[in-house]
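Here is data-v4.tsv, consisting of TSV, C-alpha atoms:
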```
chain	number	residue	atom	x	y	z
A	4	MET	CA	-18.44	-42.76	10.25
A	5	ALA	CA	-17.31	-39.36	11.45
A	6	LYS	CA	-19.39	-37.56	14.08
A	7	VAL	CA	-19.73	-33.92	15.03
A	8	ILE	CA	-19.12	-33.51	18.78
A	9	GLY	CA	-19.62	-29.76	19.10
A	10	GLY	CA	-19.20	-26.26	17.82
A	11	ILE	CA	-17.23	-23.27	19.08
A	12	PHE	CA	-18.51	-19.86	18.03
A	13	THR	CA	-16.43	-16.79	18.77
A	14	SER	CA	-15.52	-13.26	17.76
A	15	HIS	CA	-12.13	-12.90	16.07
A	16	VAL	CA	-11.23	-9.22	16.63
A	17	PRO	CA	-7.54	-8.66	15.65
A	18	ALA	CA	-6.85	-6.86	18.95
A	19	ILE	CA	-7.49	-10.19	20.78
A	20	GLY	CA	-4.26	-11.42	19.15
A	21	GLY	CA	-2.44	-8.41	20.58
A	22	ALA	CA	-3.87	-9.13	24.03
A	23	ILE	CA	-2.73	-12.77	23.80
A	24	ALA	CA	0.78	-11.67	22.73
A	25	LYS	CA	0.96	-9.30	25.72
A	26	GLY	CA	-0.55	-11.80	28.19
A	27	LEU	CA	-3.50	-9.56	29.09
A	28	GLN	CA	-6.00	-12.37	29.81
A	29	GLU	CA	-6.48	-11.17	33.41
A	30	ASP	CA	-6.42	-7.45	32.57
A	31	PRO	CA	-9.74	-5.78	33.60
A	32	TYR	CA	-10.53	-4.76	29.99
A	33	TRP	CA	-9.89	-8.24	28.56
A	34	LYS	CA	-10.86	-10.63	31.36
A	35	PRO	CA	-14.63	-10.54	30.67
A	36	PHE	CA	-13.91	-11.79	27.14
A	37	PHE	CA	-11.21	-14.38	27.90
A	38	ASP	CA	-13.26	-15.86	30.77
A	39	GLY	CA	-15.75	-17.03	28.15
A	40	PHE	CA	-13.22	-19.69	27.14
A	41	LYS	CA	-12.88	-21.27	30.60
A	42	PRO	CA	-15.83	-23.68	30.14
A	43	ILE	CA	-14.55	-24.44	26.64
A	44	HIS	CA	-11.09	-25.36	27.97
A	45	GLU	CA	-12.77	-27.68	30.49
A	46	TRP	CA	-14.92	-29.29	27.77
A	47	LEU	CA	-11.94	-29.74	25.46
A	48	LYS	CA	-10.13	-31.76	28.16
A	49	HIS	CA	-12.71	-34.49	27.59
A	50	ASN	CA	-13.43	-33.88	23.93
A	51	LYS	CA	-10.42	-34.11	21.65
A	52	PRO	CA	-11.35	-33.69	17.99
A	53	ASP	CA	-9.55	-35.51	15.18
A	54	TYR	CA	-10.72	-32.88	12.69
A	55	VAL	CA	-11.72	-29.24	12.95
A	56	VAL	CA	-13.92	-27.72	10.23
A	57	THR	CA	-14.06	-23.93	10.33
A	58	PHE	CA	-16.21	-21.23	8.76
A	59	SER	CA	-14.68	-17.75	8.58
A	60	ASN	CA	-14.05	-14.83	6.25
A	61	ASP	CA	-10.76	-13.69	4.76
A	62	HIS	CA	-9.69	-10.10	5.52
A	63	GLY	CA	-7.59	-9.33	2.45
A	64	LEU	CA	-4.78	-11.77	3.17
A	65	ASN	CA	-5.52	-14.80	0.98
A	66	PHE	CA	-8.03	-13.22	-1.41
A	67	PHE	CA	-7.98	-9.90	-3.20
A	68	LEU	CA	-10.79	-8.36	-5.26
A	69	ASP	CA	-9.24	-9.76	-8.46
A	70	LYS	CA	-10.83	-13.12	-7.55
A	71	MET	CA	-13.43	-13.24	-4.81
A	72	PRO	CA	-15.07	-16.61	-4.22
A	73	THR	CA	-18.43	-16.66	-2.46
A	74	PHE	CA	-17.58	-20.00	-0.83
A	75	ALA	CA	-14.00	-21.36	-0.76
A	76	VAL	CA	-12.88	-24.71	0.64
A	77	GLY	CA	-9.26	-25.28	1.62
A	78	ALA	CA	-7.73	-28.54	0.38
A	79	ALA	CA	-4.21	-28.42	1.79
A	80	ASP	CA	-2.19	-30.47	4.27
A	81	ILE	CA	-0.79	-27.35	5.92
A	82	TYR	CA	-2.14	-23.83	6.49
A	83	ASN	CA	0.16	-20.93	7.28
A	84	ASN	CA	-0.58	-17.55	8.85
A	85	ALA	CA	1.12	-14.50	7.29
A	86	ASP	CA	1.59	-10.76	7.82
A	87	GLU	CA	-1.77	-9.01	7.33
A	88	GLY	CA	-0.11	-5.64	6.96
A	89	TRP	CA	0.48	-4.79	10.59
A	90	GLY	CA	3.74	-6.70	11.12
A	91	LEU	CA	2.31	-8.59	14.13
A	92	PRO	CA	3.89	-11.82	15.43
A	93	LEU	CA	2.76	-14.77	13.29
A	94	PHE	CA	0.61	-17.59	14.61
A	95	LYS	CA	1.80	-21.17	14.17
A	96	PRO	CA	0.91	-23.29	11.11
A	97	VAL	CA	-2.10	-25.60	11.33
A	98	PRO	CA	-2.01	-29.12	9.85
A	99	GLY	CA	-4.76	-29.78	7.30
A	100	SER	CA	-6.56	-32.84	6.00
A	101	ALA	CA	-6.68	-32.81	2.22
A	102	ASP	CA	-8.58	-36.14	2.44
A	103	LEU	CA	-11.51	-34.72	4.40
A	104	SER	CA	-11.34	-31.54	2.32
A	105	TRP	CA	-11.79	-33.40	-0.95
A	106	HIS	CA	-14.60	-35.50	0.53
A	107	ILE	CA	-16.38	-32.27	1.56
A	108	ILE	CA	-15.69	-30.73	-1.86
A	109	GLU	CA	-17.12	-33.80	-3.66
A	110	THR	CA	-20.21	-33.73	-1.45
A	111	LEU	CA	-20.78	-29.98	-1.79
A	112	VAL	CA	-20.60	-30.06	-5.58
A	113	ALA	CA	-22.90	-33.09	-5.65
A	114	GLU	CA	-25.29	-31.02	-3.51
A	115	GLU	CA	-25.06	-28.27	-6.19
A	116	PHE	CA	-22.85	-25.80	-4.30
A	117	ASP	CA	-20.51	-24.26	-6.89
A	118	ILE	CA	-17.52	-23.72	-4.62
A	119	THR	CA	-13.91	-22.69	-5.18
A	120	THR	CA	-11.23	-25.17	-4.11
A	121	CYS	CA	-7.90	-23.93	-2.71
A	122	GLN	CA	-4.89	-26.24	-2.54
A	123	GLU	CA	-3.03	-23.31	-1.02
A	124	MET	CA	-4.69	-20.97	1.45
A	125	LEU	CA	-3.22	-18.50	3.92
A	126	ILE	CA	-5.19	-18.23	7.15
A	127	ASP	CA	-5.61	-14.89	8.90
A	128	HIS	CA	-6.66	-13.74	12.38
A	129	ALA	CA	-10.19	-15.02	11.74
A	130	LEU	CA	-8.86	-18.57	12.19
A	131	SER	CA	-5.59	-18.21	14.07
A	132	ILE	CA	-7.12	-16.29	16.99
A	133	PRO	CA	-10.07	-18.67	17.64
A	134	LEU	CA	-7.75	-21.72	17.54
A	135	GLU	CA	-5.29	-20.04	19.92
A	136	LEU	CA	-8.17	-19.08	22.23
A	137	ALA	CA	-9.43	-22.67	22.34
A	138	TRP	CA	-6.00	-24.29	22.74
A	139	PRO	CA	-3.66	-21.66	24.22
A	140	ASN	CA	0.12	-21.98	24.25
A	141	ARG	CA	0.44	-25.30	22.41
A	142	ASP	CA	3.59	-26.15	20.45
A	143	SER	CA	1.40	-27.72	17.76
A	144	TYR	CA	-2.17	-28.84	17.14
A	145	ASP	CA	-3.35	-32.47	17.43
A	146	PHE	CA	-6.20	-32.14	14.92
A	147	LYS	CA	-6.39	-31.61	11.19
A	148	LEU	CA	-8.11	-28.55	9.75
A	149	VAL	CA	-10.55	-28.01	6.90
A	150	PRO	CA	-11.21	-24.26	6.48
A	151	VAL	CA	-14.29	-22.99	4.64
A	152	GLY	CA	-14.21	-19.34	3.63
A	153	ILE	CA	-17.33	-17.22	3.14
A	154	ASN	CA	-17.25	-13.87	1.33
A	155	THR	CA	-18.30	-11.07	3.68
A	156	VAL	CA	-16.23	-8.42	1.89
A	157	GLN	CA	-17.74	-7.70	-1.52
A	158	HIS	CA	-21.49	-7.54	-2.09
A	159	PRO	CA	-23.57	-9.30	-3.24
A	160	LEU	CA	-22.99	-11.61	-0.28
A	161	PRO	CA	-24.60	-15.02	0.18
A	162	SER	CA	-27.85	-14.96	2.16
A	163	PRO	CA	-28.16	-16.38	5.68
A	164	LYS	CA	-30.43	-19.02	4.14
A	165	ARG	CA	-27.70	-20.08	1.70
A	166	ALA	CA	-25.05	-20.07	4.43
A	167	LEU	CA	-27.19	-22.40	6.55
A	168	ALA	CA	-27.76	-24.70	3.58
A	169	LEU	CA	-23.99	-24.77	2.88
A	170	GLY	CA	-23.35	-25.75	6.48
A	171	ARG	CA	-25.97	-28.51	6.32
A	172	ALA	CA	-24.32	-29.89	3.19
A	173	VAL	CA	-20.97	-29.91	5.00
A	174	HIS	CA	-22.67	-31.87	7.80
A	175	LYS	CA	-23.87	-34.41	5.28
A	176	ALA	CA	-20.28	-34.76	4.06
A	177	ILE	CA	-18.93	-35.27	7.59
A	178	GLN	CA	-21.56	-37.94	8.28
A	179	SER	CA	-20.51	-39.87	5.16
A	180	PHE	CA	-16.75	-39.58	5.79
A	181	ASP	CA	-15.61	-43.17	6.16
A	182	LYS	CA	-13.56	-42.81	9.34
A	183	ASP	CA	-14.40	-43.31	12.99
A	184	ALA	CA	-13.47	-39.75	13.84
A	185	LYS	CA	-14.61	-36.84	15.99
A	186	VAL	CA	-15.19	-33.50	14.31
A	187	LEU	CA	-15.41	-30.07	15.97
A	188	ILE	CA	-16.93	-27.13	14.10
A	189	PHE	CA	-15.88	-23.46	14.43
A	190	GLY	CA	-17.79	-20.38	13.34
A	191	THR	CA	-15.90	-17.11	13.79
A	192	GLY	CA	-16.49	-13.36	13.60
A	193	GLY	CA	-19.16	-10.96	14.74
A	194	LEU	CA	-21.19	-10.28	16.58
A	195	SER	CA	-22.62	-6.84	15.80
A	196	HIS	CA	-20.02	-4.25	14.80
A	197	GLN	CA	-19.31	-1.65	12.15
A	198	LEU	CA	-15.89	-0.17	11.36
A	199	ASP	CA	-16.77	2.06	8.40
A	200	GLY	CA	-19.02	5.01	7.64
A	201	GLU	CA	-20.74	7.62	9.76
A	202	ARG	CA	-22.44	4.78	11.69
A	203	ALA	CA	-19.03	3.37	12.80
A	204	GLY	CA	-19.22	2.01	16.34
A	205	PHE	CA	-22.76	0.67	15.86
A	206	MET	CA	-23.74	-2.47	17.81
A	207	ASN	CA	-27.09	-4.17	18.38
A	208	PRO	CA	-27.39	-6.34	21.51
A	209	ASP	CA	-31.03	-7.18	20.67
A	210	TYR	CA	-30.15	-8.73	17.32
A	211	ASP	CA	-27.12	-10.50	18.84
A	212	LYS	CA	-29.35	-12.00	21.52
A	213	PHE	CA	-31.88	-13.06	18.89
A	214	CYS	CA	-29.08	-14.90	17.05
A	215	MET	CA	-27.62	-16.59	20.13
A	216	ASP	CA	-31.07	-17.57	21.46
A	217	ASN	CA	-32.14	-19.17	18.19
A	218	LEU	CA	-29.00	-20.73	16.80
A	219	PRO	CA	-28.96	-23.95	18.86
A	220	ALA	CA	-32.55	-25.16	18.38
A	221	ASN	CA	-34.02	-22.92	15.70
A	222	PRO	CA	-31.30	-21.71	13.31
A	223	ASP	CA	-33.82	-21.26	10.49
A	224	ALA	CA	-35.12	-18.20	12.42
A	225	LEU	CA	-31.96	-16.38	11.29
A	226	THR	CA	-32.77	-16.99	7.63
A	227	LYS	CA	-35.76	-14.65	7.58
A	228	HIS	CA	-33.29	-11.81	7.00
A	229	SER	CA	-31.40	-11.07	3.79
A	230	ALA	CA	-27.69	-10.25	3.87
A	231	LEU	CA	-28.52	-6.52	3.60
A	232	ASP	CA	-31.09	-6.85	6.39
A	233	VAL	CA	-28.27	-8.24	8.55
A	234	VAL	CA	-25.96	-5.36	7.58
A	235	GLU	CA	-28.67	-2.95	8.73
A	236	LEU	CA	-29.39	-4.88	11.94
A	237	SER	CA	-25.86	-5.88	12.88
A	238	GLY	CA	-23.46	-3.44	11.20
A	239	SER	CA	-21.44	-3.78	8.03
A	240	GLN	CA	-19.05	-6.28	9.66
A	241	GLY	CA	-21.76	-7.83	11.83
A	242	ILE	CA	-22.59	-9.71	8.64
A	243	GLU	CA	-19.82	-12.09	9.76
A	244	ILE	CA	-22.69	-13.88	11.54
A	245	LEU	CA	-22.91	-15.75	8.21
A	246	ASN	CA	-19.94	-17.80	9.45
A	247	TRP	CA	-21.83	-18.70	12.64
A	248	ILE	CA	-24.95	-19.65	10.67
A	249	ALA	CA	-23.01	-21.94	8.32
A	250	ALA	CA	-21.15	-23.47	11.25
A	251	ARG	CA	-24.43	-24.16	13.04
A	252	GLY	CA	-25.70	-25.90	9.90
A	253	ALA	CA	-22.60	-28.10	9.88
A	254	MET	CA	-23.42	-29.37	13.39
A	255	GLY	CA	-26.62	-31.16	12.32
A	256	ASP	CA	-29.68	-31.55	14.54
A	257	GLY	CA	-29.86	-32.14	18.31
A	258	VAL	CA	-27.66	-29.23	19.34
A	259	THR	CA	-27.68	-27.68	22.81
A	260	GLU	CA	-25.93	-24.62	24.23
A	261	ALA	CA	-23.27	-25.56	26.79
A	262	SER	CA	-21.86	-22.11	27.53
A	263	ARG	CA	-22.38	-18.53	26.42
A	264	ASN	CA	-20.45	-15.32	27.00
A	265	TYR	CA	-21.37	-11.88	25.66
A	266	HIS	CA	-19.42	-8.71	26.36
A	267	ILE	CA	-19.44	-5.12	25.07
A	268	PRO	CA	-17.06	-3.78	23.91
A	269	ILE	CA	-13.95	-5.55	22.70
A	270	SER	CA	-12.37	-3.01	20.38
A	271	ASN	CA	-15.38	-1.83	18.30
A	272	THR	CA	-17.20	-5.15	18.62
A	273	ALA	CA	-19.94	-6.80	20.64
A	274	ALA	CA	-17.90	-9.89	21.46
A	275	ALA	CA	-19.41	-13.32	22.01
A	276	THR	CA	-18.24	-16.85	22.66
A	277	VAL	CA	-20.63	-19.81	22.59
A	278	LEU	CA	-20.07	-23.55	22.97
A	279	MET	CA	-22.72	-25.86	21.54
A	280	THR	CA	-22.57	-29.62	21.87
A	281	THR	CA	-24.20	-32.69	20.32
A	282	GLU	CA	-25.14	-36.12	21.68
A	283	HIS	CA	-21.69	-37.34	20.55
A	284	ALA	CA	-19.86	-35.11	23.04
A	285	LEU	CA	-18.46	-36.63	26.21
A	286	VAL	CA	-19.49	-35.09	29.51
A	287	ALA	CA	-17.02	-34.89	32.40
A	288	ALA	CA	-17.56	-37.58	35.07
B	4	MET	CA	-30.24	-3.36	-15.96
B	5	GLN	CA	-28.48	-2.52	-12.71
B	6	SER	CA	-29.23	1.18	-12.99
B	7	ALA	CA	-32.92	0.40	-13.46
B	8	THR	CA	-33.08	-1.12	-9.97
B	9	ALA	CA	-33.23	1.23	-7.03
B	10	LYS	CA	-30.34	0.46	-4.70
B	11	ARG	CA	-31.08	-0.08	-1.05
B	12	THR	CA	-29.24	2.38	1.15
B	13	ILE	CA	-28.54	2.02	4.86
B	14	ALA	CA	-27.87	5.30	6.68
B	15	GLY	CA	-24.21	5.89	7.51
B	16	THR	CA	-23.31	2.43	6.23
B	17	PRO	CA	-21.21	1.87	3.09
B	18	VAL	CA	-22.26	-1.20	1.10
B	19	PHE	CA	-19.21	-2.36	-0.83
B	20	ASP	CA	-20.96	-3.58	-3.98
B	21	GLY	CA	-19.92	-3.99	-7.59
B	22	ASP	CA	-19.98	-0.26	-8.28
B	23	ALA	CA	-17.72	0.43	-5.29
B	24	ALA	CA	-15.47	-2.51	-6.17
B	25	LYS	CA	-15.00	-1.16	-9.73
B	26	LYS	CA	-14.42	2.38	-8.53
B	27	GLY	CA	-12.06	1.41	-5.74
B	28	TYR	CA	-9.91	-1.20	-7.45
B	29	ALA	CA	-6.72	0.89	-7.53
B	30	ILE	CA	-6.75	2.08	-3.92
B	31	ASN	CA	-7.73	-1.37	-2.66
B	32	ALA	CA	-4.96	-2.97	-4.74
B	33	MET	CA	-2.46	-0.60	-3.19
B	34	CYS	CA	-3.74	-1.41	0.30
B	35	PHE	CA	-3.57	-5.16	-0.42
B	36	SER	CA	0.11	-4.71	-1.34
B	37	PHE	CA	0.77	-3.53	2.23
B	38	ASN	CA	0.63	-7.13	3.44
B	39	GLU	CA	4.34	-7.08	2.43
B	40	LYS	CA	6.66	-5.19	4.77
B	41	GLU	CA	8.87	-3.90	1.95
B	42	ASN	CA	5.81	-2.34	0.29
B	43	ARG	CA	4.87	-0.52	3.48
B	44	GLU	CA	8.40	0.82	3.64
B	45	ALA	CA	8.31	1.86	-0.02
B	46	PHE	CA	5.08	3.79	0.60
B	47	LEU	CA	6.59	5.59	3.58
B	48	ALA	CA	9.77	6.36	1.64
B	49	ASP	CA	7.95	7.95	-1.33
B	50	GLU	CA	4.17	8.15	-0.97
B	51	GLU	CA	3.66	10.07	-4.23
B	52	ALA	CA	5.57	7.54	-6.32
B	53	TYR	CA	3.92	4.58	-4.60
B	54	CYS	CA	0.40	5.93	-5.23
B	55	ALA	CA	1.34	6.67	-8.84
B	56	LYS	CA	2.56	3.10	-9.31
B	57	PHE	CA	-0.93	1.83	-8.39
B	58	ARG	CA	-2.60	4.50	-10.57
B	59	LEU	CA	-4.79	5.92	-7.87
B	60	THR	CA	-7.47	8.23	-9.23
B	61	PRO	CA	-7.11	11.93	-8.30
B	62	GLU	CA	-10.00	11.50	-5.83
B	63	GLN	CA	-8.26	8.51	-4.19
B	64	ARG	CA	-4.89	10.29	-4.11
B	65	GLU	CA	-6.43	13.34	-2.41
B	66	ALA	CA	-8.21	11.15	0.15
B	67	VAL	CA	-4.98	9.32	1.01
B	68	LYS	CA	-3.05	12.58	1.19
B	69	ALA	CA	-5.67	13.99	3.57
B	70	ARG	CA	-5.74	10.74	5.65
B	71	ASN	CA	-9.54	11.05	5.29
B	72	VAL	CA	-11.26	7.70	5.74
B	73	LEU	CA	-14.75	8.75	4.63
B	74	ALA	CA	-13.23	10.23	1.46
B	75	MET	CA	-11.31	6.99	0.81
B	76	ILE	CA	-14.55	5.04	1.18
B	77	ALA	CA	-16.37	7.47	-1.12
B	78	ALA	CA	-13.58	6.82	-3.64
B	79	GLY	CA	-14.26	3.07	-3.48
B	80	GLY	CA	-11.99	2.03	-0.62
B	81	ASN	CA	-13.03	-1.05	1.36
B	82	VAL	CA	-12.40	-0.99	5.08
B	83	TYR	CA	-10.88	-4.50	5.20
B	84	TYR	CA	-8.11	-3.20	2.91
B	85	LEU	CA	-8.00	0.38	4.22
B	86	ALA	CA	-7.21	-1.04	7.67
B	87	LYS	CA	-3.76	-1.98	6.34
B	88	LEU	CA	-3.11	1.62	5.22
B	89	ALA	CA	-4.40	2.90	8.56
B	90	GLY	CA	-1.84	0.66	10.28
B	91	ILE	CA	0.95	2.43	8.39
B	92	PHE	CA	-0.31	5.72	9.79
B	93	GLY	CA	-0.47	4.19	13.28
B	94	LEU	CA	-4.27	4.44	13.44
B	95	ASN	CA	-6.38	1.72	15.07
B	96	VAL	CA	-10.12	1.12	14.57
B	97	GLN	CA	-11.06	3.49	17.41
B	98	ASP	CA	-9.06	6.24	15.68
B	99	LEU	CA	-10.88	5.43	12.43
B	100	GLY	CA	-14.25	5.43	14.21
B	101	ALA	CA	-13.57	8.77	15.87
B	102	GLN	CA	-12.56	10.37	12.57
B	103	GLN	CA	-15.60	9.07	10.68
B	104	THR	CA	-18.10	10.08	13.36
B	105	GLY	CA	-16.52	13.48	14.07
B	106	MET	CA	-15.80	12.62	17.68
B	107	SER	CA	-12.64	12.71	19.74
B	108	VAL	CA	-11.10	9.28	20.31
B	109	ALA	CA	-12.11	9.51	23.99
B	110	GLU	CA	-15.72	10.30	23.00
B	111	PHE	CA	-15.80	7.41	20.52
B	112	LYS	CA	-14.45	4.97	23.13
B	113	GLN	CA	-17.15	6.18	25.52
B	114	LYS	CA	-19.78	5.58	22.81
B	115	LEU	CA	-18.54	1.97	22.57
B	116	LEU	CA	-18.65	1.52	26.35
B	117	ASP	CA	-22.12	3.06	26.59
B	118	GLN	CA	-23.60	0.33	24.44
B	119	ALA	CA	-22.94	-2.19	27.21
B	120	LYS	CA	-25.80	-0.54	29.11
B	121	GLY	CA	-28.30	-2.21	26.81
B	122	ILE	CA	-27.27	-5.77	27.75
```

Target encoding structure tokens, full file:
Amino acid sequence: MAKVIGGIFTSHVPAIGGAIAKGLQEDPYWKPFFDGFKPIHEWLKHNKPDYVVTFSNDHGLNFFLDKMPTFAVGAADIYNNADEGWGLPLFKPVPGSADLSWHIIETLVAEEFDITTCQEMLIDHALSIPLELAWPNRDSYDFKLVPVGINTVQHPLPSPKRALALGRAVHKAIQSFDKDAKVLIFGTGGLSHQLDGERAGFMNPDYDKFCMDNLPANPDALTKHSALDVVELSGSQGIEILNWIAARGAMGDGVTEASRNYHIPISNTAAATVLMTTEHALVAA
Amino acid sequence: MQSATAKRTIAGTPVFDGDAAKKGYAINAMCFSFNEKENREAFLADEEAYCAKFRLTPEQREAVKARNVLAMIAAGGNVYYLAKLAGIFGLNVQDLGAQQTGMSVAEFKQKLLDQAKGI
């Protein structure tokens, strides 16, 4: 049976892609953020996933407001990046696993999650940047991807409680996937930030710390807030924490924090990178 | 039924709900089209004609003409889509933040930096 080995949680600010393209990892502005990936690179040397299951939100690349699924599960064998409107260099395609996707879809619907399935799905900076941060400068990826999309664009949004339950149902699916395989989870976006309105530039280190402190051992603490509570506490785009909450649910129980990095600001965002691991992770000798 | 329920408001924070999504469909559809390079070029070549093609409301057209982000949001624009239009104008999210908060870009960047003091 498949096992979850860990979870990588990180901000996905578009400007990070620009910094990668320009090679600014050691630049004084960017170094405090990129350094957060050093322990992750070390961990990934010993922990090579067969599958990567991600939770992120689309930013008007794959979905428009004509059809806006609350939860969308990719079911493709290949995922391509595309121009998001800024003409930036494209990130490389990511191989997918339609087999694991359909197993997750079957399980989620059996668990009464009424999801949308996508046999074609473009991936934007919310996925391409975190993957590039974790495995920089590769010609191709060795794992197969299953992307799960969560609506953070058009209210009403799913609650933190529902996001956690979705993640837990995905974990159940992974546990019943009939392959001896290692699975790594990603949750992307956040932490607190707000791009729009007179409160633009808002961040909330106290709420961010509350989230990071509780996610490993007590993720249910984050479900005491509604989606609108989170918008108030964390900013209108800080609601992307929903992706982290779902990802944490997908890791199952027995999760510990292995590394944490928190830095203000990256662009308009309180940027964070966290590695959490399970008992199935290998530790360096 | 919806109008019978008092909406929760959060100071200085747009909540892009069903009412905003209905109101803003045209401007957001235009912004979504900017994922294609040729559409960005068509907008730059003839802004009036391009806005007319997407049937922007007069309020939306005025907001775009004025490059006024708060007015675009008031007209139903969603920032995830408006960011693509901002890119055409060469504006990044610090420029957008400065405009919406009435600060200079330098002041807005300082506001971002100042929040590190709380860590």

> Neighbours of B:Gly79 within 7 Å (all atoms listed in the file; same-chain residues fewer than 3 positions away dropped), as a list of chain:residue names?
Replying inline: B:Ala23, B:Ala24, B:Lys26, B:Gly27, B:Met75, B:Ile76

>> If the cut-off is 7 Å, can you tell me the residues of chain A near chain B, counting only C-alpha atoms? I'd like them as a PyMOL selection string.
In response: chain A and resi 62-63+86-89+157-159+198-204+208+235+239+267-268+271

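In this comparison, which uses all atoms listed in the file, the residue of B:Ser107, B:Glu62, B:Phe92, B:Gly80 approaching B:Leu47 most closely is B:Phe92.
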
>> Could you tell me how far atom CA of A:Pro163 sits from atom CA of A:Asp209, in Å to one decimal place?
In response: 17.8 Å

> Which residues come within 10 Å of A:Ser143, counting only C-alpha atoms, excluding same-chain residues fewer than 6 positions away, as a list of chain:residue names?
Replying inline: A:Lys95, A:Pro96, A:Val97, A:Pro98

>> When you look at stretch 225-233 of chain A with a cut-off of 6 Å (counting only C-alpha atoms), what residues show up, excluding the ones that are within fewer than 4 positions of it in the same chain? I need them as a list of chain:residue names.
In response: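 Residues meeting the cut-off are A:Ser162, A:Pro163, A:Lys164, A:Ser237, A:Ile242.
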
>> One number please: atom CA of A:Ala168 to atom CA of A:Phe58, in Å, one decimal.
In response: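 Atom CA of A:Phe58 lies at a distance of 13.1 Å from atom CA of A:Ala168.
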
>> Please compute the atom CA of A:Arg141-atom CA of A:Pro31 distance, one decimal, in Å.
In response: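 Computing the Euclidean distance for atom CA of A:Arg141 and atom CA of A:Pro31 yields 24.7 Å.
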
Extract stretch 28-32 of chain A from the preceding block and save all heavy atoms as a PDB file, in the first residue's frame.
```pdb
ATOM      1  N   GLN A  28      18.950  33.697  -5.953  1.00  0.00           N
ATOM      2  CA  GLN A  28      18.811  32.942  -4.696  1.00  0.00           C
ATOM      3  C   GLN A  28      19.708  33.464  -3.574  1.00  0.00           C
ATOM      4  O   GLN A  28      19.378  33.307  -2.405  1.00  0.00           O
ATOM      5  CB  GLN A  28      19.103  31.441  -4.939  1.00  0.00           C
ATOM      6  CG  GLN A  28      18.029  30.717  -5.721  1.00  0.00           C
ATOM      7  CD  GLN A  28      18.199  30.829  -7.231  1.00  0.00           C
ATOM      8  OE1 GLN A  28      18.942  31.664  -7.744  1.00  0.00           O
ATOM      9  NE2 GLN A  28      17.504  29.959  -7.964  1.00  0.00           N
ATOM     10  N   GLU A  29      20.849  34.058  -3.927  1.00  0.00           N
ATOM     11  CA  GLU A  29      21.778  34.566  -2.911  1.00  0.00           C
ATOM     12  C   GLU A  29      21.656  36.085  -2.721  1.00  0.00           C
ATOM     13  O   GLU A  29      22.372  36.667  -1.913  1.00  0.00           O
ATOM     14  CB  GLU A  29      23.225  34.206  -3.281  1.00  0.00           C
ATOM     15  CG  GLU A  29      23.511  32.701  -3.277  1.00  0.00           C
ATOM     16  CD  GLU A  29      23.369  32.088  -1.888  1.00  0.00           C
ATOM     17  OE1 GLU A  29      23.836  32.701  -0.909  1.00  0.00           O
ATOM     18  OE2 GLU A  29      22.772  30.999  -1.775  1.00  0.00           O
ATOM     19  N   ASP A  30      20.784  36.716  -3.484  1.00  0.00           N
ATOM     20  CA  ASP A  30      20.553  38.156  -3.357  1.00  0.00           C
ATOM     21  C   ASP A  30      20.006  38.455  -1.954  1.00  0.00           C
ATOM     22  O   ASP A  30      19.213  37.691  -1.424  1.00  0.00           O
ATOM     23  CB  ASP A  30      19.535  38.546  -4.444  1.00  0.00           C
ATOM     24  CG  ASP A  30      19.097  39.995  -4.341  1.00  0.00           C
ATOM     25  OD1 ASP A  30      18.138  40.278  -3.589  1.00  0.00           O
ATOM     26  OD2 ASP A  30      19.720  40.827  -5.024  1.00  0.00           O
ATOM     27  N   PRO A  31      20.447  39.559  -1.329  1.00  0.00           N
ATOM     28  CA  PRO A  31      20.032  39.836   0.069  1.00  0.00           C
ATOM     29  C   PRO A  31      18.512  39.871   0.274  1.00  0.00           C
ATOM     30  O   PRO A  31      18.025  39.487   1.333  1.00  0.00           O
ATOM     31  CB  PRO A  31      20.644  41.214   0.350  1.00  0.00           C
ATOM     32  CG  PRO A  31      21.762  41.353  -0.617  1.00  0.00           C
ATOM     33  CD  PRO A  31      21.404  40.543  -1.830  1.00  0.00           C
ATOM     34  N   TYR A  32      17.756  40.347  -0.729  1.00  0.00           N
ATOM     35  CA  TYR A  32      16.299  40.381  -0.589  1.00  0.00           C
ATOM     36  C   TYR A  32      15.723  38.968  -0.575  1.00  0.00           C
ATOM     37  O   TYR A  32      14.800  38.671   0.206  1.00  0.00           O
ATOM     38  CB  TYR A  32      15.682  41.193  -1.741  1.00  0.00           C
ATOM     39  CG  TYR A  32      14.163  41.300  -1.664  1.00  0.00           C
ATOM     40  CD1 TYR A  32      13.557  42.307  -0.923  1.00  0.00           C
ATOM     41  CD2 TYR A  32      13.332  40.382  -2.324  1.00  0.00           C
ATOM     42  CE1 TYR A  32      12.177  42.415  -0.842  1.00  0.00           C
ATOM     43  CE2 TYR A  32      11.948  40.475  -2.251  1.00  0.00           C
ATOM     44  CZ  TYR A  32      11.380  41.493  -1.509  1.00  0.00           C
ATOM     45  OH  TYR A  32      10.007  41.587  -1.431  1.00  0.00           O
TER      46      TYR A  32
END
```
